[in-house]
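What follows is a short report on a single structure.
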There are 6 protein chains.
Amino acid sequence: MFFHVKELQYHAKPERPDPLFAKQLQEVLGGQFGEISVAMQYLFQGWSVRGNGKYKDLLMDTGTEELAHIEMLATMIARLLDGAPVGDLEDAAKDPVIGAILGGMNPQHAIVSGLGAMPADSVGNRWTADYIIASGNLLADFRANLNAESQGRLQAVRLYEATNDRGVKDMLSWLIARDTMHQNQWLAAIAELEAKENVVVPSTFPRQLEKREVSHVLFNFSEGDKSAAGRWANGPTMDGEGTFKYDPCPAAYGDKPKLKPAPPYIHDTLPAALRHNDLPPHLG
Amino acid sequence: MFFHVKELQYHAKPERPDPLFAKQLQEVLGGQFGEISVAMQYLFQGWSVRGNGKYKDLLMDTGTEELAHIEMLATMIARLLDGAPVGDLEDAAKDPVIGAILGGMNPQHAIVSGLGAMPADSVGNRWTADYIIASGNLLADFRANLNAESQGRLQAVRLYEATNDRGVKDMLSWLIARDTMHQNQWLAAIAELEAKENVVVPSTFPRQLEKREVSHVLFNFSEGDKSAAGRWANGPTMDGEGTFKYDPCPAAYGDKPKLKPAPPYIHDTLPAALRHNDLPPHLG
Amino acid sequence: MFFHVKELQYHAKPERPDPLFAKQLQEVLGGQFGEISVAMQYLFQGWSVRGNGKYKDLLMDTGTEELAHIEMLATMIARLLDGAPVGDLEDAAKDPVIGAILGGMNPQHAIVSGLGAMPADSVGNRWTADYIIASGNLLADFRANLNAESQGRLQAVRLYEATNDRGVKDMLSWLIARDTMHQNQWLAAIAELEAKENVVVPSTFPRQLEKREVSHVLFNFSEGDKSAAGRWANGPTMDGEGTFKYDPCPAAYGDKPKLKPAPPYIHDTLPAALRHNDLPPHLG
Amino acid sequence: MFFHVKELQYHAKPERPDPLFAKQLQEVLGGQFGEISVAMQYLFQGWSVRGNGKYKDLLMDTGTEELAHIEMLATMIARLLDGAPVGDLEDAAKDPVIGAILGGMNPQHAIVSGLGAMPADSVGNRWTADYIIASGNLLADFRANLNAESQGRLQAVRLYEATNDRGVKDMLSWLIARDTMHQNQWLAAIAELEAKENVVVPSTFPRQLEKREVSHVLFNFSEGDKSAAGRWANGPTMDGEGTFKYDPCPAAYGDKPKLKPAPPYIHDTLPAALRHNDLPPHLG
Amino acid sequence: MFFHVKELQYHAKPERPDPLFAKQLQEVLGGQFGEISVAMQYLFQGWSVRGNGKYKDLLMDTGTEELAHIEMLATMIARLLDGAPVGDLEDAAKDPVIGAILGGMNPQHAIVSGLGAMPADSVGNRWTADYIIASGNLLADFRANLNAESQGRLQAVRLYEATNDRGVKDMLSWLIARDTMHQNQWLAAIAELEAKENVVVPSTFPRQLEKREVSHVLFNFSEGDKSAAGRWANGPTMDGEGTFKYDPCPAAYGDKPKLKPAPPYIHDTLPAALRHNDLPPHLG
Amino acid sequence: MFFHVKELQYHAKPERPDPLFAKQLQEVLGGQFGEISVAMQYLFQGWSVRGNGKYKDLLMDTGTEELAHIEMLATMIARLLDGAPVGDLEDAAKDPVIGAILGGMNPQHAIVSGLGAMPADSVGNRWTADYIIASGNLLADFRANLNAESQGRLQAVRLYEATNDRGVKDMLSWLIARDTMHQNQWLAAIAELEAKENVVVPSTFPRQLEKREVSHVLFNFSEGDKSAAGRWANGPTMDGEGTFKYDPCPAAYGDKPKLKPAPPYIHDTLPAALRHNDLPPHLG
């Protein structure tokens, strides 16, 4: 169960409106690695933890904080849209700045949301739960979380570079710091779980059931051997189970596949059509 | 540029058809963490590497291998669908097994693909590029890759548990082993980059520009303090920049947001309507 | 900013696992009118209110409650999935009930979420922000909310009819009651706003600017005149601006559209190709 | 069965081309509340009416009219695109207006549709049936319809404000008037059904089966009590079944959820990993 | 502008309900090549024809007919759903046929649409305008149409094979016949346009501007030379512009791509990180 | 199994960066008819061929080549993005060209992909497998392929017209030539299959089972008789099975549909509500 307080977790006031930047800022609200994604990802992971330990609590702590970040961004975007102009080609022709705004802002910020933030990314794709993951395996999921915070901080930093507005920069510096903490915390949680289990997820699958002869081999499927120079091709493997090998000319272990004809009620192409004319006329 | 050889990288022959399992196996072909996802993710990352070092080669090696895994799964699914029945309720009534197949198989395997594999997951959602990530920052992206291989191996293991078919298990044991290698290789690449840069992505953003006072604090937004017991709330931070802190009662740093009214041409609710009647009648 | 308490708003314990019902119950968690939709819809509307009156507070109250409903459903679904079987056609053949489960449950509940709830509907479509609306106009949006609660309660009632599990029914009876309240509250808020403004949204557009001659006419575009018998075709209009009229044979007010040829750089079909042969050979 | 006449229901001729406005106008053709949405929504509702009364006729009348509105908008958009320029950065550099057009128009209007309208919204999201609803319950669905016409008229009005083209304004004034009628008609139909049934949908669920103690209570989940001042927290409820109550401090009725461990074949995190280290080191 | 008549274009009465077949039949209503797709595709193409000749009329004739086919299928599906059961695992356990229905039917047919047809395919994916094409080039589009009718008739035939219900077969035999006509008509229209223009779309691009040396060569990118035996590798080309050639060992015409480093404000991986360690340790 | 070589199939070097054109060029990389679509479509068709003849080889040859085209476009787009600016409204105000770039470029090219190509179209919609088709029937699928190459070449030609950059034009002239070949090859393959089977797909359905009386009739559902003048309404049909007919006034063969009431557990609108008031008051 949740409670809401009216105050924002941190300030969200720009110096001045900027509808073009409002459009860009949508990325970290409603994009693949925006705040909706991390909020929903952590909460769904938390609700699915089968056991009630500290990991569940950590997920609920962080997921709940991310809801506050959605709120901050929604507020900031609404303010960046204050008084956004509407207009057509005639207006665009009169003033290059108005033209750039009319051409470059997200038209849905005027037509659809009435100068409010949208659950969408910087090109207008609506947020989708395709973005999130909760597998029930915490080591797998904490890696998903570390990735999300890495991508998210990277995007926030790129947006920081793209604005001169001190109010926007101030808020982004908060979000960037929180992403720093969240990368640190998932790294810590990952280290704990890797120490208890193994670095290979899931650790519970008996290793003798996999084809161990290819568990530590890098296949060189792209011509050139620069990849032979990496740590991944030399020395002990990260899971402590063997030594990295490099196969410069990977062979095919399987046969050419031949599929049986489909039954007649499927109405695929008839085998006769396929067999017919298979020899080139000049060879037939 | 790519070349194709007709032989499969590894065998893909089931002992017997099983249209219900064909439906399930679609998950690791066309689902969020299926082979299409990793192939496209690694290739797009590789094509975007700005520099021509070993990381680009590694990405192209692995992305190209994943194309072969799509092919193996497509072949296996087609064979699991060999002779799949079609029918209606009358057929279902006659034989419980036929009924279970007709009710449980993916109807599109008959109607749409004509007993072929589909670029879709186990419930029929078509594959979407929403699933993949290529950010230009390799440390961020290798974390995405490690996550993808962790989720992918987990799903392959779950499917291994769900079948008794020795042919299917044999192929899955290959794919699981390759996922073992791929987790190992991304772990190795991550270790290299973390050693060169820092564990916090992106490492190039000046740390003094973020709100450092909240860069290492766990906020307890979910009642109860179990999360205080974790490594993430005690001891030095993973980035070597400080000490983890735990804030049991996080405060709001911002104000209650007040947004300005929209201009009349937006036709949002009039401020008058909002202000009017704000006091309860019995208090007014 | 939000806080989470660990206790559920209401109990979410089934009498026994039922993976098929878990699949169905996803509809009111992650479907078009599931709890994710209403939570996100109310919160986005609340964050966009331009003014700080009681409507914003009402939206935040209710949006925050809906987060608790997501949590209840996620918990219930996880419990309905307790110990869900996995298996293939051989298992299905042995036991019709196992066959029905294996054929009928959502395979992603095992393969993807590891027996956890998913942000998806009852056929596996991932939740999308396409489902929600926040326009900045509160009367419009409260009508969206009333619709959402009407559809949502209807779906919850249909699910109530579909189970014999007393634990599930108990939880649904809570959610149904809350939907009753929410329909009541949006009806009350709508009544208030309609009294202040007008029933036609937006009330701020000058009525003389619309083609008033067709503002109150029902056009009979589907042969037969049963629709002439409704309130919508007789008597004063709901907006108090006129009288309903019925036009049994609606005329076209416009011309046949003729579009100009595209410029050559667009490479549409050449006008010559279009003009050529336009007369039937037997008439030419 | 349908017949088409070549004449448009109303004129759709702009004074001059305006590719930027063409992009914006797509919203009311192919957006969430565009004409495709209402056409498909009313037709699907009509086809599903179980009974052949006036409601079915009304739905078919209106759904068929909306097809004509799609046609008008498609024609208008094609004309706004007449002679739209193509070009690259060099062209943009030469002339700010050309630059604004090239930067701001939807590139698919040139590349994909060849200067034709698209089944997409103003940012290019393709129309999806996620937007529509047909539940079989007419009171629920008429509320969906009233919402659709409210959002649709609001968007048309915003577009009216954004153009100076008298031809476009003329067509929009027609569509706005029709939206006036459609709001009126759904209001009339809703009033009829509410009088026959009850305001709470569905009216057929026995009220004693819901948790009546929470059917009329507003829970104050967002700190502050402004929402206590509304009609929804005072006086008789809209369904005539009770009195609104306000709960300033909502309690949790449920327990902290504890989920059972998953079976081993699911390979979730092992309970051992979860239990381990649960006490903080400084407390252990 | 459109008019609707209440009578169906053809009968749509099954002998008996069959909820499983109702689910399958959704494919040709709301799937990629269902009736919604062809209706919308032809209408959008028709509305975009720049010229008013017979092609526009043909498109409007056929698009309007397809609306009637949507209606027939919606009616048939509603009747196949008559009295569809609801229930949970207990019900499934009692009766294998009920179990097969409960496991195999689309749960949204009960929960969401209330026994009505849905704008979705046979696995529940909602219809999307991603499926359709209208390019402004009629030869290109008529090929899209021929494909749509080919895929659509194939799916209808597969469904015909999957049912014993004489009412359903009767309706499908109508739709299959109409697909026969529509394939014939698009073939005729294509033949006309190919005769006027050329078989290569668009015919208006000056052939000397393309790299003519590769305009008629089959590159053998998949090992083995069976494809050398086809008409496409021997004899005059279909466009009358040359002779088919077969290149057994296609060469790369381009260089290895080297991309410049990104500017610092993008925060991609630093070139230093990329250059570092590029030589293998055992070679360094 | 696949191998990659580092060299591009053809050059992909622009004369100068152009972020606006990079956005447009995404259409033929990740749009509906971009290179991802044709690569995936041909490969999935190839993997599903049930038989091992030349058609499978042809599909694998061409699908593998298309992977090289994705690579060329990804490289070109990355180079067009070299040094793309970031900035806000202040920057836009200073320089109209910078303003046009900031307003017109895809913001995700900076924020999300870090100046790399994306698996998306020119407005940012992510690539989806909704775009592709593999039905198991080769004649149907080769028609899909001919359509894809027709739409794809049309789009490439439109992009060729939209740029002055000689490097871009050079690469496009290669892709356009390959599309010429691919149209030629699918035309050749179609001709072969049509000669073996029949022009109507699928050819294996017994023609006497369709309603032959409507297999060759054009129904005039759009007022006006211009379509009577086409080849499709006169002379022998393309399948050699009859003569085209034109029906100027198509009749309805079916009845008005009447659906049975839903069972009470579905909670659709009660029949009583539907029957009530069906007669107009002035007629009652």
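Residues in the structure tokens are named by chain (A, B, ... in the order shown) and by number from 1 within that chain; ligands are numbered from 1 in the order shown.
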Sorted per-residue table, chain A near chain F, closest atoms and distance, 8 Å, only C-alpha atoms, as a tab-separated table:
residue	atom	partner	partner_atom	distance
A:Asp18	CA	F:Leu89	CA	6.0
A:Leu20	CA	F:Leu89	CA	6.7
A:Phe21	CA	F:Asp88	CA	6.0
A:Gln24	CA	F:Pro107	CA	6.3
A:Glu27	CA	F:Ile111	CA	7.8
A:Pro96	CA	F:Pro96	CA	6.2
A:Val97	CA	F:Ala93	CA	5.4
A:Ala100	CA	F:Gly103	CA	5.7
A:Ile101	CA	F:Gly103	CA	6.9
A:Gly103	CA	F:Gly103	CA	6.2
A:Gly104	CA	F:Gly103	CA	3.8
A:Met105	CA	F:Gly103	CA	7.0
A:Ser122	CA	F:Pro107	CA	6.6
A:Val123	CA	F:Gly124	CA	6.0
A:Asn125	CA	F:Asn125	CA	6.8
A:Gln155	CA	F:Ile111	CA	5.4
A:Arg158	CA	F:Ile111	CA	5.8
A:Leu159	CA	F:Ile111	CA	6.9
A:Glu161	CA	F:Val86	CA	7.4
A:Ala162	CA	F:Gly87	CA	4.3
A:Thr163	CA	F:Asp88	CA	5.2
A:Asn164	CA	F:Asp88	CA	7.1
A:Phe221	CA	F:Phe3	CA	5.1
A:Ser222	CA	F:His4	CA	4.4
A:Glu223	CA	F:Val5	CA	5.0
A:Gly224	CA	F:Lys6	CA	7.7
A:Ala252	CA	F:Met1	CA	7.3
A:Lys258	CA	F:Asn52	CA	6.3
A:Leu259	CA	F:Arg50	CA	4.8
A:Lys260	CA	F:Arg50	CA	5.6
A:Pro261	CA	F:Arg50	CA	5.0
A:Ala262	CA	F:Arg50	CA	6.9
A:His267	CA	F:Thr204	CA	6.4
A:Asp268	CA	F:Asn137	CA	4.3
A:Thr269	CA	F:Asn137	CA	4.7
A:Pro271	CA	F:Gly51	CA	6.5
A:Ala273	CA	F:Lys196	CA	6.7
A:Leu274	CA	F:Gly53	CA	5.8
A:Arg275	CA	F:Gly53	CA	6.2
A:Asp278	CA	F:Lys54	CA	6.1
Can you check which residues of region 187-246 of chain F DSSP gives as strand (DSSP E) on the backbone and send them as an mmCIF file with N, CA and C atoms, in the first residue's frame?
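states_26.cif was written with the following content:
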data_model
loop_
_atom_site.group_PDB
_atom_site.id
_atom_site.type_symbol
_atom_site.label_atom_id
_atom_site.label_comp_id
_atom_site.auth_asym_id
_atom_site.auth_seq_id
_atom_site.Cartn_x
_atom_site.Cartn_y
_atom_site.Cartn_z
ATOM 1 N N VAL F 217 -16.764 -11.696 -60.063
ATOM 2 C CA VAL F 217 -17.679 -10.556 -60.188
ATOM 3 C C VAL F 217 -17.113 -9.343 -59.457
ATOM 4 N N LEU F 218 -17.122 -8.197 -60.132
ATOM 5 C CA LEU F 218 -16.787 -6.952 -59.442
ATOM 6 C C LEU F 218 -18.069 -6.309 -58.938
ATOM 7 N N PHE F 219 -18.169 -6.144 -57.628
ATOM 8 C CA PHE F 219 -19.337 -5.497 -57.038
ATOM 9 C C PHE F 219 -19.078 -3.992 -56.961
ATOM 10 N N LYS F 245 -17.252 -10.309 -64.564
ATOM 11 C CA LYS F 245 -18.582 -9.691 -64.628
ATOM 12 C C LYS F 245 -18.588 -8.458 -63.748
ATOM 13 N N TYR F 246 -19.505 -7.577 -64.046
ATOM 14 C CA TYR F 246 -19.644 -6.328 -63.282
ATOM 15 C C TYR F 246 -21.059 -6.254 -62.753
#
Shell around Glu149 (chain A) at 6 Å using only C-alpha atoms, local window under 4 positions removed, as a short mmCIF file (atom, residue, chain, number, x, y, z; two decimals) with C-alpha atoms, in the first residue's frame:
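The resulting file, result32.cif, is shown below:
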data_model
loop_
_atom_site.label_atom_id
_atom_site.label_comp_id
_atom_site.auth_asym_id
_atom_site.auth_seq_id
_atom_site.Cartn_x
_atom_site.Cartn_y
_atom_site.Cartn_z
CA ARG A 153 22.37 7.84 -16.08
CA ASP A 179 21.56 6.93 -10.53
CA GLN A 183 24.38 1.66 -9.78
#
**Item:** DSSP helix (DSSP H, G or I) residues within region 24-244 of chain E, as a ChimeraX atom specification
**Value:** /E:24-30,35-48,54-80,89-94,96-104,108-111,129-131,138-161,166-196,207-209,212-214,226-229,231-233
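Those residues that approach Met40 (chain A) to within 10 Å, counting only C-alpha atoms, are A:Gly46, A:Gly63, A:Thr64, A:Glu66, A:Leu67, A:Ala129, A:Tyr131, A:Ile132, A:Ile133, A:Ala134, C:Ile36, C:Pro119; same-chain residues fewer than 6 positions away are not listed.
Across the structure, CA of Met118 (chain F) and CA of Ala78 (chain A) are spaced 28.4 Å apart.
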**Long-range neighbours of Thr75 (chain E) as an MDAnalysis selection string, 12 Å cut-off, only C-alpha atoms, 6 positions minimum in chain** = (chainID D and resid 43:50) or (chainID E and resid 6:14 22 25:26 29 68:69 81:82 115:118 168 171) or (chainID F and resid 254:260)
Please produce a file of those selected residues containing C-alpha atoms, as a PDB file, in the first residue's frame.
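Final output, selection_22.pdb:
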ATOM      1  CA  LEU D  43     -19.094  -0.318 -35.470  1.00  0.00           C
ATOM      2  CA  PHE D  44     -17.665  -3.025 -33.212  1.00  0.00           C
ATOM      3  CA  GLN D  45     -20.102  -2.047 -30.466  1.00  0.00           C
ATOM      4  CA  GLY D  46     -22.953  -2.135 -32.975  1.00  0.00           C
ATOM      5  CA  TRP D  47     -21.998  -5.543 -34.347  1.00  0.00           C
ATOM      6  CA  SER D  48     -21.883  -6.930 -30.810  1.00  0.00           C
ATOM      7  CA  VAL D  49     -25.258  -5.671 -29.576  1.00  0.00           C
ATOM      8  CA  ARG D  50     -27.172  -8.767 -28.523  1.00  0.00           C
TER       9      ARG D  50
ATOM     10  CA  LYS E   6     -28.633  -3.888 -42.074  1.00  0.00           C
ATOM     11  CA  GLU E   7     -28.544  -7.058 -44.117  1.00  0.00           C
ATOM     12  CA  LEU E   8     -25.278  -8.954 -44.286  1.00  0.00           C
ATOM     13  CA  GLN E   9     -23.612  -9.399 -47.640  1.00  0.00           C
ATOM     14  CA  TYR E  10     -23.765 -13.149 -47.014  1.00  0.00           C
ATOM     15  CA  HIS E  11     -24.970 -15.511 -44.296  1.00  0.00           C
ATOM     16  CA  ALA E  12     -22.943 -15.855 -41.126  1.00  0.00           C
ATOM     17  CA  LYS E  13     -24.637 -18.580 -39.094  1.00  0.00           C
ATOM     18  CA  PRO E  14     -22.756 -21.491 -37.580  1.00  0.00           C
ATOM     19  CA  ALA E  22     -14.168 -18.272 -32.611  1.00  0.00           C
ATOM     20  CA  LEU E  25     -11.484 -17.142 -36.812  1.00  0.00           C
ATOM     21  CA  GLN E  26     -10.317 -13.839 -35.328  1.00  0.00           C
ATOM     22  CA  LEU E  29     -10.989 -10.546 -38.984  1.00  0.00           C
ATOM     23  CA  ALA E  68     -19.078  -5.883 -45.160  1.00  0.00           C
ATOM     24  CA  HIS E  69     -16.718  -8.803 -44.627  1.00  0.00           C
ATOM     25  CA  LEU E  81     -19.394 -17.503 -28.706  1.00  0.00           C
ATOM     26  CA  ASP E  82     -23.088 -17.925 -27.801  1.00  0.00           C
ATOM     27  CA  LEU E 115     -18.975 -12.535 -26.156  1.00  0.00           C
ATOM     28  CA  GLY E 116     -18.369 -10.149 -29.006  1.00  0.00           C
ATOM     29  CA  ALA E 117     -15.763 -10.197 -31.746  1.00  0.00           C
ATOM     30  CA  MET E 118     -12.605  -8.231 -31.127  1.00  0.00           C
ATOM     31  CA  VAL E 168     -18.945 -21.759 -41.004  1.00  0.00           C
ATOM     32  CA  MET E 171     -19.509 -18.466 -45.089  1.00  0.00           C
TER      33      MET E 171
ATOM     34  CA  GLY F 254     -27.707 -12.431 -45.964  1.00  0.00           C
ATOM     35  CA  ASP F 255     -30.296 -11.415 -43.382  1.00  0.00           C
ATOM     36  CA  LYS F 256     -30.203  -8.743 -40.744  1.00  0.00           C
ATOM     37  CA  PRO F 257     -28.203 -10.396 -38.004  1.00  0.00           C
ATOM     38  CA  LYS F 258     -29.953 -10.972 -34.678  1.00  0.00           C
ATOM     39  CA  LEU F 259     -27.720 -12.119 -31.869  1.00  0.00           C
ATOM     40  CA  LYS F 260     -28.964 -14.055 -28.860  1.00  0.00           C
TER      41      LYS F 260
END
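The space between CA of Ile77 (chain B) and CA of Thr180 (chain B) spans 22.9 Å.
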**Message:** Could you tell me how far CA of Leu58 (chain A) sits from CA of Gly152 (chain A), in Å to one decimal place?
**Reply:** 19.0 Å
**Request:** Do a neighbour search on Asn220 (chain A) at 8 Å with only C-alpha atoms, toss out local chain neighbours closer than 5 positions, and write the hits as JSON, numbers by chain.
**Result:** {"A": [225, 227, 246, 247, 248, 249, 250], "B": [61]}
What would the file look like if the residues just selected were written as a compact mmCIF listing (two decimals), in the first residue's frame with N, CA and C atoms?
# COMPACT_ATOMS: atom_id res chain seq x y z
N ASP A 225 41.04 -11.34 -36.41
CA ASP A 225 41.22 -11.98 -35.10
C ASP A 225 41.51 -10.99 -33.99
N SER A 227 39.51 -9.98 -31.85
CA SER A 227 38.85 -10.41 -30.62
C SER A 227 39.66 -11.47 -29.88
N TYR A 246 39.92 -19.90 -27.87
CA TYR A 246 39.57 -19.13 -29.06
C TYR A 246 39.57 -20.07 -30.25
N ASP A 247 38.46 -20.13 -30.96
CA ASP A 247 38.37 -21.01 -32.13
C ASP A 247 38.35 -20.14 -33.38
N PRO A 248 39.47 -20.09 -34.11
CA PRO A 248 39.54 -19.16 -35.24
C PRO A 248 38.66 -19.55 -36.42
N CYS A 249 38.36 -20.83 -36.55
CA CYS A 249 37.56 -21.30 -37.69
C CYS A 249 36.44 -22.20 -37.20
N PRO A 250 35.37 -21.64 -36.70
CA PRO A 250 34.32 -22.47 -36.11
C PRO A 250 33.66 -23.38 -37.14
N ASP B 61 31.52 -11.00 -33.84
CA ASP B 61 31.63 -12.46 -33.67
C ASP B 61 30.36 -13.04 -33.04
